[in-house]
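Q: Below you'll find protein_13.csv; it's CSV, C-alpha atoms.
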chain,number,residue,atom,x,y,z
A,1,MET,CA,0.0,0.0,0.0
A,2,PHE,CA,1.2,3.5,-0.8
A,3,ASP,CA,1.3,6.4,1.6
A,4,MET,CA,0.1,10.0,1.2
A,5,GLY,CA,2.6,12.0,-0.6
A,6,ASP,CA,4.0,9.1,-2.6
A,7,TYR,CA,4.6,9.4,-6.3
A,8,ILE,CA,3.3,6.5,-8.2
A,9,ILE,CA,2.7,5.3,-11.8
A,10,TYR,CA,-1.0,4.7,-12.2
A,11,GLY,CA,-1.9,3.0,-15.4
A,12,GLY,CA,-2.3,5.3,-18.4
A,13,GLU,CA,-2.3,8.4,-16.2
A,14,GLY,CA,1.4,8.2,-15.6
A,15,VAL,CA,2.9,9.9,-12.6
A,16,CYS,CA,0.4,10.7,-9.8
A,17,VAL,CA,0.8,11.9,-6.2
A,18,VAL,CA,-1.2,10.1,-3.5
A,19,GLU,CA,-3.2,12.9,-1.9
A,20,ASP,CA,-5.4,10.9,0.4
A,21,ILE,CA,-6.4,7.4,1.4
A,22,GLY,CA,-9.9,6.6,2.5
A,23,CYS,CA,-13.4,6.7,1.1
A,24,PRO,CA,-14.0,9.7,-1.1
A,25,ASN,CA,-17.1,11.7,-0.8
A,26,VAL,CA,-18.2,11.1,-4.4
A,27,SER,CA,-21.2,9.3,-5.8
A,28,GLY,CA,-20.6,5.7,-6.8
A,29,ALA,CA,-17.8,5.1,-4.3
A,30,ASN,CA,-18.2,2.0,-2.3
A,31,LYS,CA,-18.2,3.0,1.4
A,32,ASP,CA,-16.7,-0.3,2.4
A,33,ARG,CA,-13.5,0.1,0.3
A,34,LEU,CA,-10.4,2.2,0.6
A,35,TYR,CA,-9.5,4.5,-2.2
A,36,TYR,CA,-6.4,6.4,-3.2
A,37,THR,CA,-7.1,10.0,-4.2
A,38,LEU,CA,-4.6,10.6,-6.9
A,39,SER,CA,-3.5,13.8,-8.5
A,40,PRO,CA,-1.9,13.4,-11.9
A,41,LEU,CA,1.2,15.5,-12.2
A,42,TYR,CA,0.9,16.4,-15.9
A,43,ARG,CA,-2.8,17.0,-16.3
A,44,THR,CA,-5.6,18.5,-14.2
A,45,GLY,CA,-8.2,16.5,-12.3
A,46,ARG,CA,-8.3,13.8,-9.7
A,47,VAL,CA,-8.5,10.0,-9.9
A,48,PHE,CA,-10.2,7.9,-7.2
A,49,ALA,CA,-8.7,4.4,-7.4
A,50,PRO,CA,-9.6,1.6,-5.1
A,51,VAL,CA,-6.5,0.5,-3.2
A,52,ASP,CA,-7.1,-3.1,-4.5
A,53,SER,CA,-7.7,-1.9,-8.1
A,54,PRO,CA,-6.5,-4.2,-10.9
A,55,VAL,CA,-5.1,-1.1,-12.7
A,56,PHE,CA,-1.3,-1.1,-12.8
A,57,MET,CA,0.3,0.8,-9.9
A,58,ARG,CA,3.9,1.0,-8.8
A,59,PRO,CA,6.2,3.5,-7.1
A,60,VAL,CA,8.1,6.0,-9.3
A,61,ILE,CA,11.7,4.8,-9.8
A,62,SER,CA,14.4,6.2,-7.5
A,63,ARG,CA,17.0,8.7,-8.4
A,64,ASP,CA,19.7,5.9,-8.4
A,65,GLU,CA,17.5,3.8,-10.7
A,66,ALA,CA,16.9,6.7,-13.0
A,67,ILE,CA,20.7,7.3,-13.3
A,68,ASP,CA,21.3,3.6,-13.9
A,69,LEU,CA,18.6,3.6,-16.6
A,70,ILE,CA,20.3,6.5,-18.4
A,71,ARG,CA,23.7,4.8,-18.1
A,72,SER,CA,22.1,1.7,-19.7
A,73,MET,CA,20.5,3.5,-22.6
A,74,PRO,CA,23.4,3.1,-25.0
A,75,GLY,CA,23.1,-0.7,-24.6
A,76,VAL,CA,19.4,-0.8,-25.3
A,77,GLU,CA,19.1,-2.1,-28.9
A,78,GLY,CA,16.3,-0.8,-31.1
A,79,GLU,CA,14.8,-3.0,-33.7
A,80,LEU,CA,13.0,-2.2,-36.9
A,81,TYR,CA,9.4,-3.3,-36.6
A,82,GLU,CA,7.6,-3.0,-39.9
A,83,ASN,CA,4.0,-4.0,-40.3
A,84,SER,CA,1.6,-2.3,-42.7
A,85,ASN,CA,-1.4,-3.8,-40.8
A,86,LEU,CA,-2.3,-0.9,-38.5
A,87,ARG,CA,-4.0,-3.2,-36.0
A,88,PHE,CA,-0.9,-5.3,-35.6
A,89,LEU,CA,1.3,-2.2,-35.4
A,90,THR,CA,-1.0,-0.7,-32.7
A,91,GLU,CA,-1.0,-3.9,-30.7
A,92,HIS,CA,2.8,-4.1,-30.9
A,93,TYR,CA,3.2,-0.6,-29.5
A,94,GLN,CA,0.4,-1.0,-27.0
A,95,GLN,CA,2.0,-4.2,-25.5
A,96,ALA,CA,5.3,-2.2,-25.0
A,97,ILE,CA,3.5,0.8,-23.4
A,98,GLN,CA,1.4,-1.4,-21.1
A,99,THR,CA,4.5,-3.0,-19.4
A,100,TYR,CA,5.1,0.4,-17.8
A,101,ASP,CA,8.7,-0.5,-17.7
A,102,CYS,CA,11.2,2.3,-18.2
A,103,THR,CA,13.7,0.1,-20.2
A,104,GLY,CA,10.8,-1.0,-22.4
A,105,LEU,CA,9.9,2.6,-23.0
A,106,VAL,CA,13.5,3.4,-24.0
A,107,LYS,CA,13.4,0.5,-26.4
A,108,LEU,CA,10.1,1.6,-27.9
A,109,ILE,CA,11.5,5.1,-28.5
A,110,LYS,CA,14.7,3.7,-30.0
A,111,ASP,CA,12.6,1.4,-32.2
A,112,VAL,CA,10.6,4.3,-33.6
A,113,TYR,CA,13.8,6.4,-34.1
A,114,LEU,CA,15.3,3.6,-36.1
A,115,LYS,CA,12.1,3.2,-38.1
A,116,ARG,CA,12.0,7.0,-38.7
A,117,ALA,CA,15.6,6.9,-40.1
A,118,HIS,CA,14.7,3.9,-42.3
A,119,VAL,CA,11.6,5.5,-43.8
A,120,ASN,CA,13.3,8.9,-44.2
A,121,ALA,CA,16.1,7.2,-46.2
A,122,GLN,CA,13.4,5.9,-48.5
A,123,GLY,CA,12.0,9.5,-48.9
A,124,LYS,CA,8.9,8.6,-46.8
A,125,LYS,CA,7.5,10.0,-43.6
A,126,LEU,CA,6.9,8.1,-40.4
A,127,GLY,CA,3.3,7.0,-39.8
A,128,GLN,CA,0.9,8.6,-37.3
A,129,ILE,CA,0.7,5.5,-35.2
A,130,ASP,CA,4.5,5.4,-34.9
A,131,GLU,CA,4.6,9.1,-34.0
A,132,ARG,CA,1.7,8.8,-31.5
A,133,TYR,CA,3.2,5.9,-29.6
A,134,MET,CA,6.7,7.4,-29.5
A,135,LYS,CA,5.3,10.6,-28.1
A,136,ARG,CA,3.3,8.6,-25.5
A,137,ALA,CA,6.4,6.6,-24.5
A,138,GLU,CA,8.4,9.8,-24.2
A,139,ASP,CA,5.7,11.4,-22.1
A,140,MET,CA,5.6,8.4,-19.8
A,141,LEU,CA,9.4,8.0,-19.5
A,142,TYR,CA,10.2,11.7,-19.2
A,143,GLY,CA,7.5,12.3,-16.6
A,144,GLU,CA,8.8,9.6,-14.4
A,145,LEU,CA,12.5,10.6,-14.9
A,146,ALA,CA,11.6,14.2,-14.0
A,147,VAL,CA,10.2,13.2,-10.7
A,148,ALA,CA,13.0,10.7,-10.0
A,149,LEU,CA,15.7,13.3,-10.8
A,150,ASP,CA,13.8,16.2,-9.3
A,151,ILE,CA,14.0,18.3,-12.4
A,152,ASP,CA,11.4,20.0,-14.6
A,153,ARG,CA,9.9,17.6,-17.2
A,154,ARG,CA,10.9,20.0,-20.0
A,155,GLU,CA,14.6,19.6,-19.0
A,156,VAL,CA,14.6,15.8,-19.2
A,157,ASP,CA,15.5,15.5,-22.9
A,158,ALA,CA,18.5,17.8,-22.5
A,159,TYR,CA,19.5,16.0,-19.3
A,160,ILE,CA,19.6,12.7,-21.1
A,161,LYS,CA,21.4,14.1,-24.1
A,162,ASN,CA,24.1,15.6,-21.9
A,163,ALA,CA,24.5,12.4,-19.9
A,164,LEU,CA,24.8,10.3,-23.0
A,165,ALA,CA,27.4,12.7,-24.4
A,166,LEU,CA,29.4,12.3,-21.2
A,167,ILE,CA,29.1,8.5,-21.4
A,168,GLU,CA,30.0,8.5,-25.1
A,169,ALA,CA,33.1,10.6,-24.3
A,170,GLY,CA,34.1,7.9,-21.7
A,171,GLU,CA,33.5,10.3,-18.8
A,172,GLU,CA,31.8,9.3,-15.6
A,173,PHE,CA,28.1,10.1,-15.3
A,174,ASN,CA,26.9,10.3,-11.8
A,175,GLY,CA,23.7,12.4,-12.3
Now, as a test, write the supplied structure out as structure tokens.

A:
Amino acid sequence: MFDMGDYIIYGGEGVCVVEDIGCPNVSGANKDRLYYTLSPLYRTGRVFAPVDSPVFMRPVISRDEAIDLIRSMPGVEGELYENSNLRFLTEHYQQAIQTYDCTGLVKLIKDVYLKRAHVNAQGKKLGQIDERYMKRAEDMLYGELAVALDIDRREVDAYIKNALALIEAGEEFNG
């Protein structure tokens, strides 16, 4: 069980802060169940989630885990996934997104960058589904890294690029 003030990943909402634990005063809430009152960090509104909800929930990664993840990024291999069947393409990306695993999100982003380079070399543009899922993966990953590293979400991309430049130059990256 999470505590008030904890940052968690809650399904498709991404990073949320646990504002309260108890039975919310909203219609439809089962008075015999405990709920988390969650406040998504990157959108407005509140979510009332039963503590025993089947929706995916986990704590946000720690600062050390975020730094280790960034260090591991050069070793994450992207692969070219080509499928002209939009349903299969969507399912492929959806499976990767629904793991809520940071390394899996890095891989998905690298897969789409690889595909973009491949289609650009053929004089084509990347498809909307590819773009949509890459943006979604970046939003999920960058939102979590921002909280773990205690930086603004808009700074995450530059932070990663600087860290990877240090790593590529053979220098120590300690966050």

Q: For Val147 in chain A, which of A:Ala169, A:Leu41, A:Met4, A:Val26 is the closest residue, counting only C-alpha atoms?

A: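 Under the stated criterion, the closest residue is A:Leu41.
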
Q: Compile the contact shell of range 74-91 of chain A as a list in words: residues with an atom at most 6 Å away, counting all atoms listed in the file, same-chain residues fewer than 5 positions apart removed.

A: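 Listed by chain and then number, they are Lys107, Lys110, Asp111 and Lys115 of chain A.
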
Q: Pick out the closest residue to Asn162 in chain A from this set: A:Gln94, A:Asn30, A:Asn25, A:Asn174. Count only C-alpha atoms.

A: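 Checking each candidate against Asn162 in chain A, we get A:Asn174 as the closest.
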
Q: Counting all atoms listed in the file, which residue out of A:Phe2, A:Tyr133, A:Tyr7, A:Phe173 sits closest to Ile61 in chain A?

A: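 Of A:Phe2, A:Tyr133, A:Tyr7, A:Phe173, the one nearest Ile61 in chain A, counting all atoms listed in the file, is A:Tyr7.
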
Q: Grab the CA of Pro24 in chain A to CA of Phe48 in chain A distance for me, in Å with one decimal place.

A: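 CA of Pro24 in chain A sits 7.4 Å away from CA of Phe48 in chain A.
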
Q: To one decimal in Å, tell me the separation between CA of Ser39 in chain A and CA of Val106 in chain A.

A: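 Here the two named atoms are 25.2 Å from each other.
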
Q: Write out as a VMD selection string each polymer residue whose atoms come within 6 Å of Leu34 in chain A, counting all atoms listed in the file; drop sequence neighbours fewer than 4 positions from it.

A: chain A and resid 22 to 23 50 to 51

Q: Output the selection as a short mmCIF file (atom, residue, chain, number, x, y, z; two decimals), in the frame of the given file - C-alpha atoms for each residue.

A:
data_model
loop_
_atom_site.label_atom_id
_atom_site.label_comp_id
_atom_site.auth_asym_id
_atom_site.auth_seq_id
_atom_site.Cartn_x
_atom_site.Cartn_y
_atom_site.Cartn_z
CA GLY A 22 -9.90 6.60 2.50
CA CYS A 23 -13.40 6.70 1.10
CA PRO A 50 -9.60 1.60 -5.10
CA VAL A 51 -6.50 0.50 -3.20
#

Q: Would you mind reading off the distance between CA of Val17 in chain A and CA of Arg153 in chain A, one decimal, in Å?

A: 15.4 Å

Q: Using all atoms listed in the file, which of A:Val112, A:Ala66, A:Ala49, A:Leu38 sits nearest Tyr93 in chain A?

A: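 Selected residue with least distance to Tyr93 in chain A: A:Val112.
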
Q: When distances are computed from only C-alpha atoms, which of A:Gly11, A:Leu145, A:Leu166, A:Gly175 shows the smallest separation from Pro54 in chain A?

A: A:Gly11

Q: If we count only C-alpha atoms and set the cut-off at 9 Å, which residues sit around Met140 in chain A, ignoring sequence neighbours fewer than 5 positions away in its own chain? Please answer as a list in words.

A: Gly12, Glu13, Gly14, Val15, Ile97, Tyr100, Cys102, Leu105, Lys135 and Leu145 of chain A

Q: Identify the residues around (26.3, 9.0, -20.2) within a radius of 7 Å, measuring from only C-alpha atoms in the coordinates stated by the file, and give them as a VMD selection string.

A: chain A and resid 70 to 71 163 to 168 173

Q: So which one's closest to Ala137 in chain A, A:Gly170, A:Ala96, A:Thr37, A:Ile9? Using all atoms listed in the file, please.

A: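 Among A:Gly170, A:Ala96, A:Thr37, A:Ile9, it is A:Ala96 that comes nearest to Ala137 in chain A.
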